[in-house]
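A.B. asks: What follows is the file target37.cif, containing mmCIF, C-alpha atoms:
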```
data_structure
#
loop_
_atom_site.label_atom_id
_atom_site.label_comp_id
_atom_site.auth_asym_id
_atom_site.auth_seq_id
_atom_site.Cartn_x
_atom_site.Cartn_y
_atom_site.Cartn_z
CA MET A 1 109.85 112.14 128.94
CA LYS A 2 107.11 114.70 128.51
CA PRO A 3 107.08 117.41 125.84
CA MET A 4 107.64 121.07 126.57
CA PRO A 5 104.29 122.90 126.77
CA PHE A 6 102.84 124.02 123.43
CA ASP A 7 99.63 125.49 122.04
CA TYR A 8 97.38 123.27 119.99
CA ALA A 9 95.04 124.16 117.16
CA ARG A 10 92.74 121.74 115.35
CA ALA A 11 92.40 122.90 111.75
CA LYS A 12 88.90 122.33 110.34
CA ASP A 13 89.94 122.80 106.71
CA VAL A 14 92.97 123.69 104.59
CA PRO A 15 92.45 127.51 104.69
CA ASP A 16 92.20 127.22 108.48
CA ALA A 17 95.53 125.35 108.58
CA LEU A 18 97.19 127.82 106.20
CA ALA A 19 96.02 130.72 108.38
CA ALA A 20 97.69 129.06 111.37
CA LEU A 21 100.91 128.69 109.37
CA ALA A 22 100.86 132.17 107.85
CA ASP A 23 102.71 133.92 110.68
CA ALA A 24 106.28 132.64 110.29
CA ASP A 25 107.28 134.03 113.72
CA ALA A 26 104.63 131.95 115.50
CA GLY A 27 106.73 128.80 114.92
CA ALA A 28 103.75 126.56 114.21
CA ARG A 29 104.37 122.96 113.19
CA VAL A 30 101.92 120.76 111.29
CA MET A 31 100.89 117.44 112.85
CA ALA A 32 99.20 114.78 110.71
CA GLY A 33 99.31 111.36 112.43
CA GLY A 34 101.89 112.58 114.92
CA GLN A 35 103.75 109.26 114.86
CA SER A 36 107.13 110.93 114.31
CA LEU A 37 106.37 114.40 115.67
CA VAL A 38 105.05 113.32 119.08
CA PRO A 39 108.04 111.03 119.82
CA MET A 40 110.32 113.95 118.86
CA LEU A 41 108.37 116.25 121.18
CA ASN A 42 108.38 113.64 123.97
CA LEU A 43 112.15 113.26 123.71
CA ARG A 44 112.51 117.05 123.42
CA LEU A 45 114.49 116.58 120.23
CA ALA A 46 112.06 119.15 118.86
CA THR A 47 110.10 121.91 120.53
CA PHE A 48 107.47 124.01 118.81
CA PRO A 49 105.38 126.79 120.34
CA ARG A 50 102.31 125.66 118.43
CA VAL A 51 101.08 122.41 116.88
CA VAL A 52 98.48 122.55 114.09
CA ASP A 53 96.55 119.26 113.85
CA ILE A 54 95.41 118.57 110.27
CA SER A 55 94.27 114.97 110.84
CA LYS A 56 90.55 115.86 110.89
CA ILE A 57 90.52 117.80 107.58
CA ALA A 58 88.13 115.88 105.30
CA GLU A 59 89.81 117.05 102.08
CA LEU A 60 93.13 115.54 103.16
CA ARG A 61 91.51 112.14 103.71
CA GLU A 62 90.23 111.88 100.12
CA ARG A 63 91.57 109.47 97.55
CA SER A 64 90.75 109.10 93.88
CA GLU A 65 91.79 107.33 90.72
CA SER A 66 91.97 108.37 87.07
CA ALA A 67 93.06 106.43 83.98
CA ASP A 68 96.72 107.19 84.54
CA ALA A 69 97.19 108.12 88.21
CA VAL A 70 96.10 107.61 91.80
CA THR A 71 95.70 110.67 94.01
CA LEU A 72 96.05 110.29 97.77
CA GLY A 73 95.17 112.98 100.28
CA ALA A 74 98.06 113.80 102.59
CA CYS A 75 96.30 112.27 105.62
CA VAL A 76 95.64 108.81 104.14
CA THR A 77 97.24 106.41 106.64
CA HIS A 78 99.78 103.67 105.98
CA GLY A 79 97.23 101.21 107.43
CA GLU A 80 94.58 102.25 104.91
CA ILE A 81 97.03 101.74 102.04
CA GLU A 82 98.05 98.37 103.55
CA ASP A 83 94.39 97.28 103.75
CA GLY A 84 93.61 98.32 100.17
CA GLU A 85 91.34 101.16 101.33
CA ALA A 86 93.11 103.38 98.82
CA PRO A 87 93.53 102.64 95.09
CA GLU A 88 96.80 100.86 94.20
CA PRO A 89 98.77 102.43 91.32
CA ALA A 90 101.71 100.03 91.08
CA ALA A 91 100.79 96.34 91.00
CA GLY A 92 100.79 96.02 94.79
CA LEU A 93 104.04 97.86 95.54
CA MET A 94 102.40 100.55 97.67
CA ARG A 95 100.42 98.00 99.71
CA HIS A 96 103.59 96.01 100.26
CA VAL A 97 105.59 99.05 101.34
CA ALA A 98 102.82 100.32 103.64
CA ALA A 99 102.58 96.94 105.39
CA GLY A 100 106.30 97.08 106.22
CA ILE A 101 106.34 100.52 107.87
CA ALA A 102 106.96 100.36 111.63
CA TYR A 103 104.13 98.41 113.34
CA ARG A 104 100.39 98.20 112.88
CA ALA A 105 99.68 100.48 115.88
CA VAL A 106 101.83 103.16 114.20
CA ARG A 107 100.47 102.51 110.70
CA ASN A 108 96.91 103.11 111.90
CA ARG A 109 97.75 106.76 112.64
CA GLY A 110 100.85 107.60 110.57
CA THR A 111 100.14 109.22 107.20
CA ILE A 112 101.80 109.18 103.78
CA GLY A 113 101.79 112.98 103.62
CA GLY A 114 103.30 113.28 107.08
CA SER A 115 106.06 110.87 106.13
CA ALA A 116 106.79 112.70 102.85
CA SER A 117 106.78 116.10 104.59
CA LEU A 118 109.06 114.97 107.39
CA ALA A 119 111.40 113.49 104.75
CA ASP A 120 113.40 111.25 107.04
CA ALA A 121 116.12 109.97 104.71
CA SER A 122 115.50 106.41 105.93
CA ALA A 123 111.71 106.44 105.51
CA ASP A 124 110.05 103.97 103.14
CA TRP A 125 107.78 106.46 101.35
CA VAL A 126 110.59 108.87 100.48
CA THR A 127 112.35 106.09 98.53
CA THR A 128 109.18 104.54 97.11
CA LEU A 129 107.57 107.80 95.94
CA LEU A 130 110.77 108.80 94.13
CA ALA A 131 110.88 105.39 92.42
CA LEU A 132 107.22 105.81 91.41
CA GLY A 133 107.77 109.31 90.03
CA ALA A 134 105.12 110.82 92.33
CA ARG A 135 104.12 114.48 92.26
CA PHE A 136 103.49 116.48 95.42
CA ILE A 137 100.79 119.15 95.52
CA GLY A 138 101.44 121.90 98.04
CA ARG A 139 99.03 124.71 98.86
CA GLY A 140 100.16 128.00 100.33
CA PRO A 141 99.19 131.67 100.46
CA ASP A 142 99.69 131.93 96.67
CA GLY A 143 97.63 128.87 95.77
CA GLU A 144 98.74 125.43 94.67
CA ARG A 145 101.93 124.24 93.05
CA GLU A 146 103.18 120.85 91.95
CA ILE A 147 106.60 119.51 92.90
CA ALA A 148 108.06 116.51 91.08
CA ALA A 149 109.64 113.82 93.27
CA PRO A 150 113.27 114.54 92.28
CA ASP A 151 112.77 118.19 93.32
CA MET A 152 110.94 117.39 96.56
CA PHE A 153 113.51 115.73 98.82
CA LEU A 154 116.44 118.08 99.30
CA GLY A 155 118.06 116.58 102.37
CA PRO A 156 117.30 114.86 105.67
CA TYR A 157 114.11 116.46 107.11
CA PHE A 158 114.30 119.02 104.31
CA THR A 159 111.83 119.29 101.42
CA ALA A 160 110.99 121.87 98.76
CA MET A 161 107.87 122.90 100.71
CA THR A 162 108.04 126.20 102.60
CA ASP A 163 106.89 126.61 106.22
CA GLN A 164 103.79 128.46 104.98
CA GLU A 165 102.78 125.63 102.64
CA LEU A 166 100.84 122.48 103.35
CA LEU A 167 101.28 119.25 101.40
CA VAL A 168 97.66 118.51 100.43
CA ARG A 169 97.90 115.50 98.13
CA ILE A 170 100.25 113.15 96.33
CA VAL A 171 99.68 112.06 92.72
CA VAL A 172 101.18 108.67 91.90
CA PRO A 173 101.33 107.68 88.19
CA LYS A 174 99.97 104.21 87.48
CA THR A 175 102.30 101.56 86.13
CA SER A 176 101.19 99.28 83.29
CA ARG A 177 99.23 96.21 84.24
CA ASP A 178 102.20 93.88 83.69
CA ALA A 179 104.77 96.01 85.51
CA THR A 180 106.78 94.24 88.20
CA TRP A 181 108.62 95.53 91.23
CA GLY A 182 111.11 94.54 93.88
CA TYR A 183 111.51 96.08 97.32
CA TYR A 184 114.24 95.06 99.72
CA LYS A 185 114.90 96.67 103.07
CA VAL A 186 117.76 95.93 105.46
CA THR A 187 116.84 96.38 109.13
CA ARG A 188 118.34 94.94 112.28
CA ARG A 189 114.88 94.45 113.77
CA SER A 190 111.56 94.16 111.97
CA GLY A 191 109.70 97.47 111.77
CA GLU A 192 112.72 99.70 112.24
CA TYR A 193 113.83 102.35 109.82
CA GLY A 194 115.87 100.79 107.03
CA LEU A 195 119.66 100.88 107.00
CA SER A 196 119.40 100.43 103.27
CA ILE A 197 116.38 100.22 100.95
CA GLY A 198 116.29 99.11 97.32
CA ALA A 199 113.20 99.91 95.22
CA VAL A 200 113.01 98.63 91.64
CA ILE A 201 110.11 99.10 89.22
CA LEU A 202 110.19 97.47 85.77
CA ASP A 203 107.54 98.55 83.29
CA PRO A 204 108.47 96.96 79.94
CA ALA A 205 105.24 98.12 78.25
CA ARG A 206 106.46 101.68 78.72
CA GLU A 207 110.13 100.82 78.25
CA HIS A 208 110.65 102.22 81.71
CA ALA A 209 112.73 101.05 84.65
CA SER A 210 113.49 102.87 87.86
CA VAL A 211 115.89 101.97 90.62
CA VAL A 212 116.22 103.95 93.85
CA LEU A 213 118.56 103.37 96.76
CA GLY A 214 117.10 104.71 99.99
CA ALA A 215 118.28 105.22 103.57
CA ALA A 216 121.95 105.00 102.68
CA SER A 217 122.69 108.69 102.16
CA ARG A 218 121.21 112.13 102.85
CA THR A 219 118.60 111.79 100.13
CA PRO A 220 117.39 108.79 98.15
CA LEU A 221 119.69 108.07 95.22
CA ALA A 222 118.17 107.52 91.77
CA CYS A 223 120.36 104.74 90.33
CA THR A 224 120.07 105.66 86.65
CA ALA A 225 122.88 103.39 85.46
CA ALA A 226 121.32 100.37 87.20
CA ALA A 227 117.94 101.30 85.73
CA ALA A 228 119.46 101.48 82.24
CA ALA A 229 121.01 98.02 82.73
CA LEU A 230 117.63 96.61 83.75
CA ARG A 231 115.54 98.28 81.04
CA GLY A 232 114.17 95.59 78.74
CA ALA A 233 115.94 92.74 80.59
CA PRO A 234 113.63 89.74 80.21
CA ARG A 235 115.04 87.63 83.03
CA TRP A 236 117.75 87.35 85.66
CA THR A 237 121.02 86.04 84.19
CA GLU A 238 124.63 85.99 85.30
CA ALA A 239 125.50 88.45 82.55
CA LEU A 240 122.79 90.81 83.79
CA GLU A 241 124.08 90.54 87.36
CA THR A 242 127.61 91.38 86.21
CA ALA A 243 126.36 94.37 84.22
CA LEU A 244 124.27 95.49 87.20
CA ARG A 245 127.23 95.36 89.57
CA THR A 246 129.20 97.63 87.24
CA ALA A 247 126.23 99.98 86.88
CA ILE A 248 125.63 100.11 90.63
CA ALA A 249 129.29 101.02 91.24
CA GLU A 250 128.82 103.88 88.77
CA ASP A 251 125.65 105.03 90.59
CA LEU A 252 127.25 104.80 94.04
CA ALA A 253 130.14 106.99 92.87
CA ARG A 254 127.54 109.77 92.47
CA ALA A 255 126.26 109.39 96.07
CA GLU A 256 126.63 112.34 98.40
CA ARG A 257 129.17 110.53 100.51
CA PRO A 258 131.63 107.69 100.04
CA PHE A 259 130.56 104.32 101.43
CA GLU A 260 132.64 102.28 103.85
CA PRO A 261 133.51 98.87 102.32
CA HIS A 262 130.89 97.02 104.41
CA GLU A 263 128.24 99.61 103.52
CA ALA A 264 129.08 99.33 99.82
CA ILE A 265 128.44 95.58 100.02
CA MET A 266 125.17 96.15 101.89
CA VAL A 267 123.77 98.73 99.46
CA GLU A 268 124.87 96.77 96.38
CA THR A 269 123.22 93.64 97.78
CA THR A 270 120.07 95.61 98.58
CA ILE A 271 119.73 96.79 94.98
CA LEU A 272 120.61 93.38 93.50
CA ARG A 273 117.99 91.62 95.65
CA ALA A 274 115.30 94.16 94.76
CA ALA A 275 116.18 93.81 91.05
CA ALA A 276 116.12 90.00 91.25
CA GLN A 277 112.71 90.14 92.94
CA ALA A 278 111.40 92.43 90.20
CA LEU A 279 112.49 89.81 87.66
CA GLY A 280 110.71 87.03 89.52
CA VAL A 281 113.68 85.58 91.42
CA SER A 282 112.90 85.35 95.11
CA MET B 1 91.99 122.66 126.71
CA LYS B 2 88.70 120.71 126.71
CA VAL B 3 88.36 117.35 124.98
CA SER B 4 85.48 114.86 124.99
CA PHE B 5 85.56 111.22 123.94
CA THR B 6 84.24 107.87 125.11
CA LEU B 7 86.50 105.74 127.29
CA ASN B 8 85.48 102.08 127.49
CA GLY B 9 81.94 103.10 126.58
CA ASP B 10 81.61 105.98 129.06
CA PRO B 11 81.58 109.55 127.78
CA ILE B 12 84.30 111.65 129.44
CA THR B 13 85.27 115.30 129.21
CA ALA B 14 88.72 116.35 130.32
CA ASP B 15 90.47 119.69 130.62
CA VAL B 16 94.09 118.95 129.74
CA GLU B 17 97.27 120.64 128.61
CA PRO B 18 97.81 120.04 124.87
CA ARG B 19 101.01 118.13 125.66
CA THR B 20 99.15 115.49 127.71
CA SER B 21 99.33 112.06 126.12
CA LEU B 22 96.28 109.82 125.94
CA ALA B 23 98.22 107.35 128.12
CA ASP B 24 98.80 109.85 130.93
CA LEU B 25 95.16 111.00 130.83
CA VAL B 26 93.50 107.58 130.97
CA ARG B 27 96.01 106.07 133.40
CA GLY B 28 96.43 109.06 135.69
CA GLU B 29 92.92 110.51 135.77
CA HIS B 30 90.71 107.55 134.90
CA ARG B 31 92.59 104.70 136.59
CA CYS B 32 92.93 102.59 133.45
CA THR B 33 96.03 101.01 134.94
CA SER B 34 96.35 98.44 132.16
CA VAL B 35 97.90 101.25 130.10
CA HIS B 36 101.59 100.81 130.87
CA LEU B 37 104.20 103.38 129.95
CA GLY B 38 107.49 101.79 128.97
CA CYS B 39 109.40 104.01 126.58
CA GLU B 40 107.12 107.03 126.06
CA HIS B 41 108.23 107.38 122.46
CA GLY B 42 106.26 104.75 120.61
CA VAL B 43 108.79 101.94 120.54
CA CYS B 44 107.82 99.37 123.20
CA GLY B 45 104.07 98.88 122.66
CA ALA B 46 103.17 98.56 126.38
CA CYS B 47 100.68 101.46 126.10
CA THR B 48 98.72 100.03 123.13
CA VAL B 49 94.98 100.82 123.18
CA LEU B 50 92.17 100.88 120.61
CA ILE B 51 91.15 104.20 119.06
CA ASP B 52 87.96 103.86 117.02
CA GLY B 53 88.57 100.12 116.99
CA LYS B 54 92.14 100.32 115.68
CA ILE B 55 95.23 99.67 117.76
CA ALA B 56 97.34 102.75 118.53
CA ARG B 57 100.08 103.84 120.89
CA SER B 58 98.61 106.02 123.59
CA CYS B 59 101.99 107.49 124.61
CA ILE B 60 102.42 109.21 121.24
CA THR B 61 98.78 110.23 120.80
CA LEU B 62 97.84 113.64 122.15
CA ALA B 63 94.66 113.47 124.23
CA VAL B 64 93.44 116.77 122.72
CA SER B 65 93.50 115.25 119.23
CA LEU B 66 90.83 112.69 120.15
CA ASP B 67 87.69 114.82 120.36
CA GLY B 68 84.74 112.58 119.47
CA ALA B 69 86.83 109.39 119.34
CA MET B 70 86.06 106.02 120.92
CA VAL B 71 88.92 104.84 123.12
CA THR B 72 89.09 101.29 124.49
CA THR B 73 91.73 100.05 126.92
CA LEU B 74 92.23 96.46 128.07
CA GLU B 75 89.71 97.17 130.87
CA GLY B 76 87.08 97.71 128.18
CA LEU B 77 87.71 94.25 126.74
CA ALA B 78 87.22 92.45 130.05
CA ASP B 79 84.07 90.68 128.81
CA ASP B 80 85.29 90.01 125.27
CA ALA B 81 85.30 86.28 124.43
CA LEU B 82 88.50 86.32 122.36
CA MET B 83 90.30 88.35 125.04
CA ALA B 84 89.19 85.81 127.68
CA ARG B 85 90.67 83.06 125.51
CA LEU B 86 93.94 85.02 125.14
CA ARG B 87 94.22 85.65 128.90
CA GLU B 88 93.74 81.93 129.56
CA ALA B 89 96.32 81.02 126.88
CA PHE B 90 98.88 83.46 128.33
CA ARG B 91 98.40 81.75 131.72
CA THR B 92 98.68 78.23 130.30
CA HIS B 93 101.63 78.88 128.00
CA HIS B 94 103.71 81.07 130.29
CA GLY B 95 103.11 84.17 128.20
CA LEU B 96 104.29 86.54 130.93
CA GLN B 97 106.67 86.90 133.81
CA CYS B 98 106.68 90.47 135.17
CA GLY B 99 103.53 91.39 133.26
CA TYR B 100 104.60 94.86 132.18
CA CYS B 101 104.24 94.21 128.44
CA THR B 102 101.17 91.98 128.85
CA PRO B 103 98.30 94.48 128.30
CA GLY B 104 99.92 95.73 125.09
CA MET B 105 100.66 92.17 123.96
CA LEU B 106 97.03 91.14 124.60
CA ILE B 107 95.54 94.07 122.69
CA THR B 108 97.98 93.61 119.79
CA ALA B 109 97.33 89.84 119.65
CA HIS B 110 93.56 90.45 119.81
CA ASP B 111 93.81 92.82 116.82
CA LEU B 112 96.07 90.42 114.90
CA ILE B 113 93.69 87.47 115.33
CA ARG B 114 90.62 89.54 114.41
CA ARG B 115 92.27 91.02 111.31
CA LYS B 116 94.27 88.10 110.01
CA GLY B 117 92.76 84.88 111.31
CA ALA B 118 95.11 81.91 111.03
CA LEU B 119 98.77 82.85 110.66
CA ALA B 120 102.00 80.91 110.32
CA GLU B 121 104.46 81.40 113.18
CA ALA B 122 106.74 83.73 111.18
CA GLU B 123 103.80 86.04 110.36
CA LEU B 124 102.58 85.89 113.93
CA ARG B 125 106.00 86.92 115.21
CA GLN B 126 106.08 89.72 112.63
CA GLY B 127 102.68 90.91 113.87
CA LEU B 128 103.88 91.01 117.49
CA ALA B 129 107.25 92.60 116.64
CA GLY B 130 106.15 96.05 117.76
CA ASN B 131 105.70 94.91 121.35
CA ILE B 132 108.82 94.43 123.43
CA CYS B 133 109.08 91.85 126.22
CA ARG B 134 112.22 91.80 128.35
CA CYS B 135 111.41 88.64 130.36
CA THR B 136 110.05 85.72 128.39
CA GLY B 137 112.19 85.52 125.27
CA TYR B 138 108.84 85.56 123.41
CA ALA B 139 108.50 81.77 123.06
CA GLY B 140 105.68 81.59 125.63
CA ILE B 141 103.92 84.63 124.16
CA VAL B 142 104.04 83.23 120.63
CA ALA B 143 102.77 79.83 121.87
CA ALA B 144 99.93 81.52 123.77
CA VAL B 145 98.81 83.66 120.83
CA ALA B 146 99.06 80.68 118.45
CA ALA B 147 96.90 78.58 120.81
CA ALA B 148 94.26 81.32 121.14
CA MET B 149 94.33 81.82 117.37
CA ASP B 150 93.75 78.10 116.69
CA GLU B 151 90.89 77.94 119.21
CA HIS B 152 89.35 81.09 117.74
CA GLU B 153 89.54 79.73 114.19
CA THR B 154 88.05 76.37 115.29
CA THR B 155 85.17 78.15 117.03
CA LYS B 156 84.60 80.34 113.99
CA SER B 157 84.43 77.39 111.57
CA ALA B 158 82.21 75.42 114.00
CA ALA B 159 79.91 78.44 114.18
CA SER B 160 79.74 78.74 110.39
CA ILE B 161 78.97 75.00 110.01
CA ALA B 162 76.23 75.35 112.66
CA ALA B 163 74.85 78.36 110.76
CA GLU B 164 74.53 76.27 107.58
#
```
I need this file expressed as structure tokens, please.

C.D. replies:
Amino acid sequence: MKPMPFDYARAKDVPDALAALADADAGARVMAGGQSLVPMLNLRLATFPRVVDISKIAELRERSESADAVTLGACVTHGEIEDGEAPEPAAGLMRHVAAGIAYRAVRNRGTIGGSASLADASADWVTTLLALGARFIGRGPDGEREIAAPDMFLGPYFTAMTDQELLVRIVVPKTSRDATWGYYKVTRRSGEYGLSIGAVILDPAREHASVVLGAASRTPLACTAAAAALRGAPRWTEALETALRTAIAEDLARAERPFEPHEAIMVETTILRAAAQALGVS
Amino acid sequence: MKVSFTLNGDPITADVEPRTSLADLVRGEHRCTSVHLGCEHGVCGACTVLIDGKIARSCITLAVSLDGAMVTTLEGLADDALMARLREAFRTHHGLQCGYCTPGMLITAHDLIRRKGALAEAELRQGLAGNICRCTGYAGIVAAVAAAMDEHETTKSAASIAAE
């Protein structure tokens, strides 16, 4: 399949991109790596009169590190994160997640900002960035604003960003040095979107634990009861597993949809395996 | 819309519709017939090429987005020593039947060996998972890439011993 015809503009900087987005009636769509947008255009699942290419904007390729956070420009690629060409905030979790997205040929062009902006409910970054408590910096006609992860992802392909705003960078808080994590993704075939994703981060030095279930419902689900059960747990025990199962059931009851019995087993297992991994059980 | 980039070392300038994929441009206009189009939505890997030295899917890359880039197709790796070794290994180990996936497999395997060096079979299979073959059942492809990888690693270590 070939896309419908469209106009193409290569933005040289952020103001240039914002100018292209300013006219809401023009129907412009931002393209970063194009690894989701171009397939959608090719299949004619999506048609846009105008595509604004932001991949060459130098500012969006920047990355930096402070004492307590890593900042990634929206156009940093999955491949660069995988290769350690961007600072790692979370004891290797981001490198691990990046390396498991699709395939290397896609990771070389696909970007973290593009993935967050598209907000596919099954995408790895949507789940991971919520678990990490990331903050999203959007710039629009009225300047910049910061959106916290829980306020960012509102539904499938639906974020808090307006059509006149551009996601310019993502700020990821650093975990403590001795933080641990677990990440478990169920796919039928390697490289596919997950059917279920469990992300667990345990940071005992900060008395913090976060557990997110991704891909299983319209938006990633913050499993606060499971996180509370894991907070301060020194190791994997049968008692912990029992407590976790109860907590997970409580979390799943808050999901946006009921789970079929087989799905409930899958998502529970996903979270349990991620939690076990975070506690050093492989 | 005008776009200029180098294709297998030669500078080219094309006037294309924005919707034209890199694959359609280099295959249709520049006779790089190693670039095979299987799925046209980034799933099968048959159209894999190098953009600025990194593997990419040319069916989901807009040609107009590549101004100033360096594009290499399998044709551009004809004289590459590792690629010659891979071609030979695919022949020896029955790494192809119909040949449709082969250019993408070769470029992906070439990238995997250059980036990762020696890999266990499970990792090797993981690295090739983005390229679909509908004939071989993959056993021959995996054997071929493993053989080329071993030879490449042996040559590399021999070269480093010679250098000392």

A.B. asks: Counting only C-alpha atoms, what is within 10 Å of Ser117 in chain A, bar same-chain residues fewer than 4 positions away, as a list in words?

C.D. replies: Val30, Ala32, Ala74, Thr111, Ile112, Gly113, Val126, Phe136, Met152, Phe153, Tyr157, Phe158, Thr159, Ala160, Met161, Leu166 and Leu167 of chain A

A.B. asks: Take the residues from that selection and put them in a file with C-alpha atoms, as a PDB file, in the coordinates of the input.

C.D. replies:
```
ATOM      1  CA  VAL A  30     101.920 120.760 111.290  1.00  0.00           C
ATOM      2  CA  ALA A  32      99.200 114.780 110.710  1.00  0.00           C
ATOM      3  CA  ALA A  74      98.060 113.800 102.590  1.00  0.00           C
ATOM      4  CA  THR A 111     100.140 109.220 107.200  1.00  0.00           C
ATOM      5  CA  ILE A 112     101.800 109.180 103.780  1.00  0.00           C
ATOM      6  CA  GLY A 113     101.790 112.980 103.620  1.00  0.00           C
ATOM      7  CA  VAL A 126     110.590 108.870 100.480  1.00  0.00           C
ATOM      8  CA  PHE A 136     103.490 116.480  95.420  1.00  0.00           C
ATOM      9  CA  MET A 152     110.940 117.390  96.560  1.00  0.00           C
ATOM     10  CA  PHE A 153     113.510 115.730  98.820  1.00  0.00           C
ATOM     11  CA  TYR A 157     114.110 116.460 107.110  1.00  0.00           C
ATOM     12  CA  PHE A 158     114.300 119.020 104.310  1.00  0.00           C
ATOM     13  CA  THR A 159     111.830 119.290 101.420  1.00  0.00           C
ATOM     14  CA  ALA A 160     110.990 121.870  98.760  1.00  0.00           C
ATOM     15  CA  MET A 161     107.870 122.900 100.710  1.00  0.00           C
ATOM     16  CA  LEU A 166     100.840 122.480 103.350  1.00  0.00           C
ATOM     17  CA  LEU A 167     101.280 119.250 101.400  1.00  0.00           C
TER      18      LEU A 167
END
```

A.B. asks: Skip range 111-117 of chain B itself and residues of its chain fewer than 3 positions away, then list as JSON, numbers by chain all residues within 7 Å of it, counting all atoms listed in the file.

C.D. replies: {"B": [107, 108, 127, 149, 153]}

A.B. asks: If the cut-off is 8 Å, can you tell me the residues of chain A near chain B, counting all atoms listed in the file? I'd like them as a list of chain:residue names.

C.D. replies: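 Per the criterion, chain A yields A:Met1, A:Lys2, A:Pro3, A:Met4, A:Pro5, A:Phe6, A:Asp7, A:Tyr8, A:Arg10, A:Gly34, A:Gln35, A:Val38, A:Pro39, A:Met40, A:Asn42, A:Leu43, A:Asp53, A:Ala102, A:Tyr103, A:Arg104, A:Ala105, A:Val106, A:Asn108, A:Arg109, A:Ser190, A:Gly191.
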
A.B. asks: Can you spit out the residues from that selection as a PDB file, in the frame of the given file, using C-alpha atoms?

C.D. replies:
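Wrote result-v7.pdb, looks like this:
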```pdb
ATOM      1  CA  MET A   1     109.850 112.140 128.940  1.00  0.00           C
ATOM      2  CA  LYS A   2     107.110 114.700 128.510  1.00  0.00           C
ATOM      3  CA  PRO A   3     107.080 117.410 125.840  1.00  0.00           C
ATOM      4  CA  MET A   4     107.640 121.070 126.570  1.00  0.00           C
ATOM      5  CA  PRO A   5     104.290 122.900 126.770  1.00  0.00           C
ATOM      6  CA  PHE A   6     102.840 124.020 123.430  1.00  0.00           C
ATOM      7  CA  ASP A   7      99.630 125.490 122.040  1.00  0.00           C
ATOM      8  CA  TYR A   8      97.380 123.270 119.990  1.00  0.00           C
ATOM      9  CA  ARG A  10      92.740 121.740 115.350  1.00  0.00           C
ATOM     10  CA  GLY A  34     101.890 112.580 114.920  1.00  0.00           C
ATOM     11  CA  GLN A  35     103.750 109.260 114.860  1.00  0.00           C
ATOM     12  CA  VAL A  38     105.050 113.320 119.080  1.00  0.00           C
ATOM     13  CA  PRO A  39     108.040 111.030 119.820  1.00  0.00           C
ATOM     14  CA  MET A  40     110.320 113.950 118.860  1.00  0.00           C
ATOM     15  CA  ASN A  42     108.380 113.640 123.970  1.00  0.00           C
ATOM     16  CA  LEU A  43     112.150 113.260 123.710  1.00  0.00           C
ATOM     17  CA  ASP A  53      96.550 119.260 113.850  1.00  0.00           C
ATOM     18  CA  ALA A 102     106.960 100.360 111.630  1.00  0.00           C
ATOM     19  CA  TYR A 103     104.130  98.410 113.340  1.00  0.00           C
ATOM     20  CA  ARG A 104     100.390  98.200 112.880  1.00  0.00           C
ATOM     21  CA  ALA A 105      99.680 100.480 115.880  1.00  0.00           C
ATOM     22  CA  VAL A 106     101.830 103.160 114.200  1.00  0.00           C
ATOM     23  CA  ASN A 108      96.910 103.110 111.900  1.00  0.00           C
ATOM     24  CA  ARG A 109      97.750 106.760 112.640  1.00  0.00           C
ATOM     25  CA  SER A 190     111.560  94.160 111.970  1.00  0.00           C
ATOM     26  CA  GLY A 191     109.700  97.470 111.770  1.00  0.00           C
TER      27      GLY A 191
END
```

A.B. asks: Calculate how many Å separate CA of Gly143 in chain A from CA of Gly155 in chain A, rounding to one decimal.

C.D. replies: 24.7 Å

A.B. asks: Between B:Arg85, B:His94, B:His30, B:Arg134, which has the minimum distance to Asp150 in chain B (counting only C-alpha atoms)?

C.D. replies: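 Among B:Arg85, B:His94, B:His30, B:Arg134, it is B:Arg85 that comes nearest to Asp150 in chain B.
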
A.B. asks: Which residues would end up in the selection if the PyMOL selection byres ((chain B and resi 73) around 10) were applied here, given that I need the answer as an MDAnalysis selection string?

C.D. replies: chainID B and resid 7:8 23 26:27 32:35 47:51 55 58 71:72 74:78 103:104 107

A.B. asks: For Ala233 in chain A, find every residue with an atom within 10 Å (counting all atoms listed in the file), except residues of its own chain fewer than 2 positions away, and show them as a count of residues only.

C.D. replies: 12

A.B. asks: Given the file shown, enumerate the residues that the PyMOL selection byres ((chain A and resi 97) around 8) captures and present them as a ChimeraX atom specification.

C.D. replies: /A:82,93-96,98-101,124-125,128,183

A.B. asks: In Å, with one decimal, what is the gap from CA of Ala225 in chain A to CA of Asp251 in chain A?

C.D. replies: 6.1 Å
